[in-house]
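Text of input18.cif (mmCIF, C-alpha atoms and all ligand atoms) as supplied:
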```
data_data
#
loop_
_atom_site.label_atom_id
_atom_site.label_comp_id
_atom_site.auth_asym_id
_atom_site.auth_seq_id
_atom_site.Cartn_x
_atom_site.Cartn_y
_atom_site.Cartn_z
CA MET A 1 210.41 118.68 31.60
CA ALA A 2 211.78 119.25 35.07
CA ASP A 3 215.52 118.48 35.44
CA PHE A 4 216.31 115.18 37.16
CA ASP A 5 218.14 116.06 40.37
CA LYS A 6 220.19 113.02 41.39
CA ASP A 7 221.35 114.78 44.59
CA SER A 8 217.82 115.44 45.84
CA LEU A 9 216.89 114.36 49.35
CA SER A 10 214.43 111.72 48.06
CA ASN A 11 216.99 110.19 45.68
CA THR A 12 219.63 110.04 48.39
CA PHE A 13 217.11 108.28 50.65
CA ILE A 14 216.06 105.80 47.91
CA VAL A 15 219.70 104.93 47.10
CA ALA A 16 220.54 104.50 50.82
CA VAL A 17 217.55 102.19 51.36
CA ALA A 18 218.38 100.20 48.20
CA VAL A 19 222.02 99.72 49.29
CA CYS A 20 220.86 98.61 52.76
CA LEU A 21 218.39 96.13 51.25
CA VAL A 22 220.95 94.63 48.87
CA CYS A 23 223.54 94.34 51.67
CA SER A 24 221.09 92.75 54.10
CA VAL A 25 220.01 90.20 51.44
CA ILE A 26 223.69 89.35 50.79
CA VAL A 27 224.55 89.05 54.52
CA SER A 28 221.41 86.97 55.27
CA GLY A 29 222.13 84.72 52.27
CA ILE A 30 225.70 84.13 53.41
CA ALA A 31 224.55 83.45 57.00
CA VAL A 32 221.99 80.88 55.80
CA ALA A 33 224.48 79.27 53.39
CA LEU A 34 227.13 78.99 56.13
CA LYS A 35 224.77 77.53 58.76
CA PRO A 36 225.36 73.85 57.84
CA ALA A 37 229.15 74.39 57.86
CA GLN A 38 228.89 76.11 61.25
CA LEU A 39 226.93 73.18 62.69
CA ILE A 40 229.50 70.69 61.36
CA ASN A 41 232.35 72.74 62.86
CA LYS A 42 230.54 73.01 66.20
CA GLU A 43 230.08 69.23 66.30
CA LEU A 44 233.74 68.69 65.37
CA ASP A 45 234.79 71.09 68.11
CA GLN A 46 232.72 69.17 70.71
CA LYS A 47 234.30 65.90 69.58
CA GLN A 48 237.76 67.44 69.94
CA ASN A 49 236.92 68.64 73.46
CA ILE A 50 235.70 65.18 74.47
CA LEU A 51 238.85 63.56 73.06
CA ARG A 52 241.10 66.09 74.77
CA ALA A 53 239.41 65.51 78.14
CA ALA A 54 239.91 61.77 77.62
CA GLY A 55 243.61 62.39 76.97
CA MET A 56 243.33 61.00 73.43
CA LEU A 57 244.22 64.22 71.61
CA PRO A 58 247.20 66.38 72.63
CA SER A 59 246.33 70.02 73.24
CA GLY A 60 246.91 72.21 70.20
CA SER A 61 246.83 69.25 67.78
CA ASN A 62 244.09 67.76 65.64
CA VAL A 63 245.73 64.34 65.41
CA ASP A 64 247.06 61.88 67.97
CA GLU A 65 250.63 60.50 68.08
CA ASP A 66 249.68 57.88 65.48
CA GLY A 67 248.29 60.50 63.10
CA ARG A 68 244.65 59.54 63.71
CA GLY A 69 242.21 62.42 63.26
CA VAL A 70 239.21 63.57 65.30
CA GLU A 71 236.53 61.59 63.42
CA GLU A 72 238.53 58.36 63.53
CA LEU A 73 239.28 58.71 67.25
CA PHE A 74 235.73 59.74 68.13
CA SER A 75 234.31 56.74 66.23
CA GLU A 76 235.61 54.63 69.15
CA PHE A 77 233.05 56.32 71.41
CA SER A 78 229.39 55.53 71.72
CA VAL A 79 227.05 58.34 72.71
CA ARG A 80 224.38 57.13 75.15
CA VAL A 81 221.34 58.81 76.69
CA VAL A 82 221.09 58.49 80.48
CA ASP A 83 218.27 59.11 82.97
CA LEU A 84 220.12 60.97 85.70
CA GLU A 85 217.70 60.05 88.48
CA THR A 86 217.65 56.28 87.90
CA GLY A 87 221.14 56.08 86.42
CA ARG A 88 219.82 53.86 83.62
CA TYR A 89 220.35 54.12 79.89
CA ILE A 90 217.41 55.29 77.79
CA ASP A 91 217.73 53.23 74.63
CA ASP A 92 214.60 54.31 72.77
CA MET A 93 215.71 57.94 72.44
CA ASP A 94 217.86 59.37 69.67
CA SER A 95 220.81 61.28 71.11
CA SER A 96 221.41 63.36 67.97
CA GLY A 97 220.13 66.87 68.36
CA PHE A 98 219.41 66.44 72.10
CA ASP A 99 220.85 69.34 74.07
CA PRO A 100 221.01 68.74 77.86
CA ILE A 101 221.75 72.41 78.55
CA ARG A 102 218.60 73.50 76.72
CA ALA A 103 216.65 70.74 78.50
CA ALA A 104 217.74 72.20 81.85
CA LYS A 105 215.87 75.43 81.00
CA ASP A 106 212.61 73.56 80.34
CA PRO A 107 210.65 72.88 83.57
CA ALA A 108 209.11 69.79 81.92
CA MET A 109 212.55 68.32 81.29
CA SER A 110 214.40 69.34 84.44
CA ILE A 111 214.21 69.65 88.22
CA ALA A 112 214.74 72.73 90.35
CA LEU A 113 217.68 72.46 92.73
CA SER A 114 217.44 73.74 96.29
CA ALA A 115 220.17 76.09 97.55
CA ALA A 116 221.75 73.25 99.54
CA GLU A 117 221.75 70.93 96.54
CA ASP A 118 222.90 73.49 94.01
CA ILE A 119 226.62 73.62 94.78
CA ALA A 120 227.46 74.29 91.11
CA THR A 121 224.93 77.18 90.88
CA LEU A 122 222.85 75.68 88.07
CA ARG A 123 219.37 76.47 89.44
CA ARG A 124 217.90 73.60 87.37
CA ARG A 125 219.25 70.20 86.36
CA GLU A 126 218.12 68.32 83.27
CA ASN A 127 216.46 64.93 83.83
CA ILE A 128 218.25 63.33 80.90
CA SER A 129 221.82 63.77 79.74
CA LEU A 130 224.40 62.31 77.39
CA VAL A 131 227.51 60.28 78.18
CA TYR A 132 230.38 59.33 75.90
CA ILE A 133 231.81 55.84 76.42
CA LYS A 134 234.85 54.18 74.88
CA HIS A 135 234.94 50.42 75.23
CA ASP A 136 237.87 48.05 75.17
CA GLY A 137 236.18 44.79 74.28
CA ASP A 138 233.40 44.27 76.84
CA GLN A 139 235.02 46.63 79.33
CA ILE A 140 234.68 50.39 79.64
CA ASP A 141 237.94 52.13 78.83
CA LYS A 142 236.90 55.79 79.22
CA LEU A 143 233.76 57.55 80.36
CA VAL A 144 233.34 61.21 79.43
CA LEU A 145 230.67 63.35 81.12
CA PRO A 146 229.43 66.83 80.20
CA VAL A 147 229.86 69.12 83.22
CA ARG A 148 229.14 72.74 83.97
CA GLY A 149 229.01 75.15 86.89
CA TYR A 150 229.42 78.75 87.89
CA GLY A 151 232.86 80.33 88.34
CA LEU A 152 233.25 84.05 89.06
CA TRP A 153 231.84 85.68 85.91
CA GLY A 154 229.68 82.96 84.45
CA THR A 155 229.15 79.28 83.82
CA LEU A 156 232.07 77.09 82.81
CA PHE A 157 231.12 74.34 80.33
CA GLY A 158 233.36 71.32 79.87
CA TYR A 159 233.96 67.60 79.93
CA LEU A 160 235.24 65.37 82.71
CA ALA A 161 236.77 62.04 81.69
CA LEU A 162 237.16 59.02 83.94
CA ASP A 163 239.42 56.01 83.54
CA ALA A 164 238.22 52.42 83.30
CA ASP A 165 237.95 52.08 87.11
CA LEU A 166 235.39 54.98 87.18
CA GLN A 167 237.33 56.24 90.18
CA THR A 168 240.36 57.89 88.61
CA ILE A 169 240.04 61.14 86.69
CA SER A 170 241.49 60.96 83.22
CA GLY A 171 241.14 64.65 82.40
CA LEU A 172 239.08 67.82 82.67
CA GLY A 173 238.73 70.54 80.05
CA PHE A 174 236.46 73.53 79.49
CA TYR A 175 235.29 74.62 76.05
CA GLN A 176 233.46 77.74 77.15
CA HIS A 177 233.79 80.10 80.10
CA ARG A 178 233.98 83.78 80.98
CA GLU A 179 236.76 83.73 83.57
CA THR A 180 239.54 86.33 83.38
CA PRO A 181 242.56 85.43 81.24
CA GLY A 182 245.57 84.96 83.53
CA LEU A 183 243.37 84.41 86.63
CA GLY A 184 240.33 82.11 86.41
CA GLY A 185 241.10 81.70 82.70
CA GLU A 186 244.07 79.57 83.75
CA VAL A 187 241.61 76.64 83.72
CA ASP A 188 242.77 76.40 80.08
CA ASN A 189 246.47 76.32 80.93
CA PRO A 190 247.88 72.94 79.81
CA ASN A 191 250.16 72.90 82.89
CA TRP A 192 247.14 73.10 85.20
CA LYS A 193 245.09 70.65 83.15
CA ALA A 194 248.01 68.19 83.42
CA LYS A 195 247.41 68.07 87.19
CA TRP A 196 244.05 66.29 86.75
CA PRO A 197 244.89 62.85 85.35
CA GLY A 198 245.19 60.40 88.24
CA VAL A 199 243.13 62.40 90.75
CA GLN A 200 240.78 60.17 92.78
CA LEU A 201 237.05 60.81 92.72
CA TYR A 202 235.05 58.85 95.30
CA GLU A 203 235.89 58.60 98.97
CA THR A 204 235.21 55.45 101.00
CA ASP A 205 231.67 56.67 101.78
CA GLY A 206 230.92 56.72 98.02
CA GLN A 207 230.67 60.51 97.81
CA PRO A 208 232.88 62.55 95.45
CA GLY A 209 235.70 64.23 97.36
CA VAL A 210 237.79 66.21 94.89
CA ARG A 211 239.43 69.20 96.59
CA LEU A 212 241.25 72.13 95.04
CA VAL A 213 243.78 73.25 97.63
CA LYS A 214 246.34 76.01 98.06
CA ARG A 215 248.77 73.59 99.66
CA ARG A 216 248.62 69.85 99.02
CA SER A 217 248.85 67.28 101.81
CA PHE A 218 251.81 64.93 102.12
CA PRO A 219 251.78 62.03 99.65
CA HIS A 220 251.14 59.50 102.43
CA ASP A 221 248.02 61.36 103.65
CA ASP A 222 244.63 59.86 102.69
CA SER A 223 243.48 63.17 101.19
CA TYR A 224 246.51 63.54 98.85
CA GLY A 225 245.01 61.58 95.94
CA PHE A 226 241.87 63.75 95.93
CA GLU A 227 243.72 67.06 95.73
CA VAL A 228 244.51 69.38 92.83
CA ASP A 229 246.44 72.65 93.09
CA ALA A 230 244.13 75.67 93.26
CA LEU A 231 244.53 78.46 90.70
CA SER A 232 246.42 81.33 92.29
CA GLY A 233 244.50 84.62 92.48
CA ALA A 234 241.32 82.85 91.37
CA THR A 235 239.63 81.55 94.49
CA PHE A 236 236.11 81.87 93.05
CA THR A 237 236.91 80.00 89.83
CA THR A 238 238.78 77.36 91.81
CA ARG A 239 235.80 76.81 94.13
CA GLY A 240 233.49 76.72 91.11
CA VAL A 241 235.55 73.99 89.45
CA GLU A 242 235.71 71.92 92.65
CA ASN A 243 231.96 72.26 93.11
CA LEU A 244 231.03 71.39 89.55
CA VAL A 245 233.20 68.25 89.52
CA ASN A 246 231.69 67.07 92.80
CA PHE A 247 228.14 68.00 91.75
CA TRP A 248 228.20 66.16 88.42
CA THR A 249 229.79 63.04 89.87
CA GLY A 250 227.47 63.11 92.90
CA ASP A 251 223.96 61.83 93.62
CA LEU A 252 222.24 64.62 91.66
CA GLY A 253 224.57 64.31 88.70
CA PHE A 254 225.95 61.15 87.12
CA GLY A 255 226.55 59.44 90.49
CA PRO A 256 223.64 56.95 90.16
CA PHE A 257 224.73 56.10 86.60
CA ILE A 258 228.37 55.56 87.60
CA LYS A 259 227.25 53.31 90.49
CA ARG A 260 225.19 51.26 88.04
CA LEU A 261 228.09 51.03 85.59
CA LYS A 262 230.27 49.63 88.37
CA THR A 263 227.74 46.85 88.95
CA ASN A 264 226.92 46.41 85.27
CA SER A 265 223.28 47.40 85.82
CA ALA A 266 222.95 50.66 83.89
C1 LIG B 1 239.72 92.43 87.00
C2 LIG B 1 239.66 91.24 87.92
C3 LIG B 1 239.39 90.00 87.40
C4 LIG B 1 239.31 88.89 88.23
N1 LIG B 1 239.02 87.67 87.69
C5 LIG B 1 238.90 86.60 88.49
C6 LIG B 1 238.58 85.31 87.97
O1 LIG B 1 238.42 85.10 86.76
N2 LIG B 1 238.42 84.29 88.85
C7 LIG B 1 238.61 84.45 90.21
O2 LIG B 1 238.43 83.49 90.95
N3 LIG B 1 238.97 85.63 90.70
C8 LIG B 1 239.12 86.71 89.89
N4 LIG B 1 239.48 87.91 90.41
C9 LIG B 1 239.93 87.96 91.79
C10 LIG B 1 238.85 87.88 92.79
O3 LIG B 1 238.16 89.05 92.75
C11 LIG B 1 239.50 87.59 94.16
O4 LIG B 1 240.32 88.66 94.50
C12 LIG B 1 240.33 86.34 94.11
O5 LIG B 1 239.51 85.30 93.77
C13 LIG B 1 241.04 86.06 95.43
O6 LIG B 1 241.86 84.93 95.16
P1 LIG B 1 243.11 84.52 96.09
O7 LIG B 1 242.52 84.25 97.43
O8 LIG B 1 243.66 83.28 95.45
O9 LIG B 1 244.08 85.63 96.04
C14 LIG B 1 239.53 89.02 89.60
C15 LIG B 1 239.83 90.29 90.13
C16 LIG B 1 239.89 91.37 89.31
C17 LIG B 1 240.20 92.72 89.91
#
```
Spell out the structure here as structure tokens.
Ligand SMILES: Cc1cc2nc3c(=O)[nH]c(=O)nc-3n(C[C@H](O)[C@H](O)[C@H](O)COP(=O)(O)O)c2cc1C
Amino acid sequence: MADFDKDSLSNTFIVAVAVCLVCSVIVSGIAVALKPAQLINKELDQKQNILRAAGMLPSGSNVDEDGRGVEELFSEFSVRVVDLETGRYIDDMDSSGFDPIRAAKDPAMSIALSAAEDIATLRRRENISLVYIKHDGDQIDKLVLPVRGYGLWGTLFGYLALDADLQTISGLGFYQHRETPGLGGEVDNPNWKAKWPGVQLYETDGQPGVRLVKRRSFPHDDSYGFEVDALSGATFTTRGVENLVNFWTGDLGFGPFIKRLKTNSA
């Protein structure tokens, strides 16, 4: 009988393939098993971002000053589906699982934006989106909107929160972007984010007028309330943030919906 040569080329190949197969089965199994946990964590992360934009969760903490956690705080919000063109609620559609960003890629669920319209460099805008509303009795207390737009290196994704008057910004935060740390990445700096609460949104003509400026006007000037300090050394990111805020609160964004909310006709 021929000697069994465990170091032969064919044996080495068989063992290598077997090890690869076993490893790939283990890795795939773990990936599949972890998928539900990943989805739960992603959802929790989005809730945290919404709460932070609304100023209800301090940055770097998972509880508010009264020790209330993310789920408890987020339970005060209702998630509503909105037709962006008409500004009306769509009540017969389930919001769970609906992804406005994916909808924007589908020509059947979005509109193409012309160069003049597309100040946030989106190319397409979804027809339907989600809004997050916190009520205080019958009155709106906070409105949180998903916003996005191009900076220097890519799209910034975040949430813009408005106060009860739907005129005063309550906060702005980004959960995903590709801007350079220390330059455009300063959009995440708590000191810069603290400059947003109180900023005014709509000018007397009803159009959004937020401006990111290198030097702010004097407090008695009309423009003062609309201004936020620009990020130094990050002109492109700064312009991107200004444009995305004004796009999503304007006529092609949530503007029609916000107008309806003000007259209780959404
Ligand atoms: C490596 C590198 C990374 C940069 N990252 C950003 C950035 O994230 N956002 C931005 O607006 N500008 C960024 N810039 C700077 C821009 O290229 C440009 O110089 C700057 O926006 C000018 O801003 P200023 O007018 O405020 O000086 C980067 C430049 C370099 C060299």
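Selecting all polymer residues at most 7 Å from ligand LIG 1 (chain B), using all atoms listed in the file, gives Gly151, Leu152, Trp153, Glu179, Thr180, Pro181, Leu183, Gly184, Gly185, Leu231, Ser232, Gly233, Ala234, Thr235, Phe236, Thr237 and Thr238 of chain A.
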Output as a tab-separated table one row per residue of segment 16-130 of chain A within 12 Å of segment 250-257 of chain A: the closest atom pair and its distance in Å to one decimal place, counting all atoms listed in the file, sorted by chain and residue number ascending.
```
residue	atom	partner	partner_atom	distance
A:Arg80	CA	A:Phe257	CA	11.5
A:Val81	CA	A:Phe257	CA	10.8
A:Val82	CA	A:Phe257	CA	7.5
A:Asp83	CA	A:Phe257	CA	8.0
A:Leu84	CA	A:Phe254	CA	6.0
A:Glu85	CA	A:Pro256	CA	6.9
A:Thr86	CA	A:Pro256	CA	6.4
A:Gly87	CA	A:Phe257	CA	3.6
A:Arg88	CA	A:Phe257	CA	6.2
A:Tyr89	CA	A:Phe257	CA	8.3
A:Ile90	CA	A:Phe257	CA	11.5
A:Ser110	CA	A:Leu252	CA	11.7
A:Ile111	CA	A:Leu252	CA	10.1
A:Ala112	CA	A:Leu252	CA	11.1
A:Leu113	CA	A:Leu252	CA	9.1
A:Ser114	CA	A:Leu252	CA	11.3
A:Ala116	CA	A:Leu252	CA	11.7
A:Glu117	CA	A:Leu252	CA	8.0
A:Asp118	CA	A:Leu252	CA	9.2
A:Ile119	CA	A:Leu252	CA	10.5
A:Ala120	CA	A:Gly253	CA	10.7
A:Leu122	CA	A:Gly253	CA	11.5
A:Arg124	CA	A:Leu252	CA	10.9
A:Arg125	CA	A:Leu252	CA	8.3
A:Glu126	CA	A:Gly253	CA	9.3
A:Asn127	CA	A:Gly253	CA	9.5
A:Ile128	CA	A:Gly253	CA	10.1
A:Ser129	CA	A:Phe254	CA	8.9
A:Leu130	CA	A:Phe254	CA	9.9
```
task: Considering all atoms listed in the file, state which residue in the set A:Arg148, A:Val241, A:Cys23, A:Asp221 is at the smallest distance from Glu186 of chain A.
output: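 That would be A:Val241, the residue with the smallest distance to Glu186 of chain A.
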query: So what do you get for atom CA of Asn191 of chain A versus atom CA of Ala53 of chain A, distance-wise?
result: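 Result for atom CA of Asn191 of chain A versus atom CA of Ala53 of chain A: 13.9 Å, one decimal.
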task: Would you list the residues near (229.1, 49.9, 88.7), meaning any protein, DNA or RNA residue with an atom at most 12 Å from that point in file coordinates, counting only C-alpha atoms, as an MDAnalysis selection string?
output: chainID A and resid 87:88 139:140 164:167 206 254:266
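Across the model, the gap from atom CA of Gln48 of chain A to atom CA of Gly158 of chain A is 11.5 Å.
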- prompt: In Å, with one decimal, what is the gap from atom CA of Gly173 of chain A to atom CA of Leu44 of chain A?
  reply: 15.6 Å
Report, as JSON, the axis-aligned box around all atoms of segment 152-157 of chain A present in the file, extended by 5 Å on each side; give centre and edge lengths in Å to one decimal place.
```
{"center_x": 231.2, "center_y": 80.0, "center_z": 84.7, "size_x": 14.1, "size_y": 21.3, "size_z": 18.7}
```
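Among the candidates A:Pro190, A:Trp196, A:Val22, A:Glu242, the residue lying nearest to Val210 of chain A is A:Glu242 (atoms considered: all atoms listed in the file).
Remark: for Pro100 of chain A, the closest of the candidate residues A:Ser75, A:Val63, A:Val19, A:Pro146 is A:Pro146 (distances computed over only C-alpha atoms).
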query: Please, which residues are within 6 Å of (243.2, 74.4, 97.4) by the file's coordinates, counting only C-alpha atoms, and could they come as a ChimeraX atom specification?
result: /A:212-214,229-230
message: So that I can check the surroundings of segment 70-72 of chain A, please list as an NGL selection string every protein, DNA and RNA residue that reaches within 12 Å of it, counting all atoms listed in the file and ignoring chain neighbours fewer than 6 positions away.
response: :A and (40-41 or 43-52 or 56-58 or 61-64)
query: Nearest to Thr168 of chain A: which of A:Asn243, A:Pro36, A:Arg216, A:Ala54 is it, counting all atoms listed in the file?
result: A:Ala54
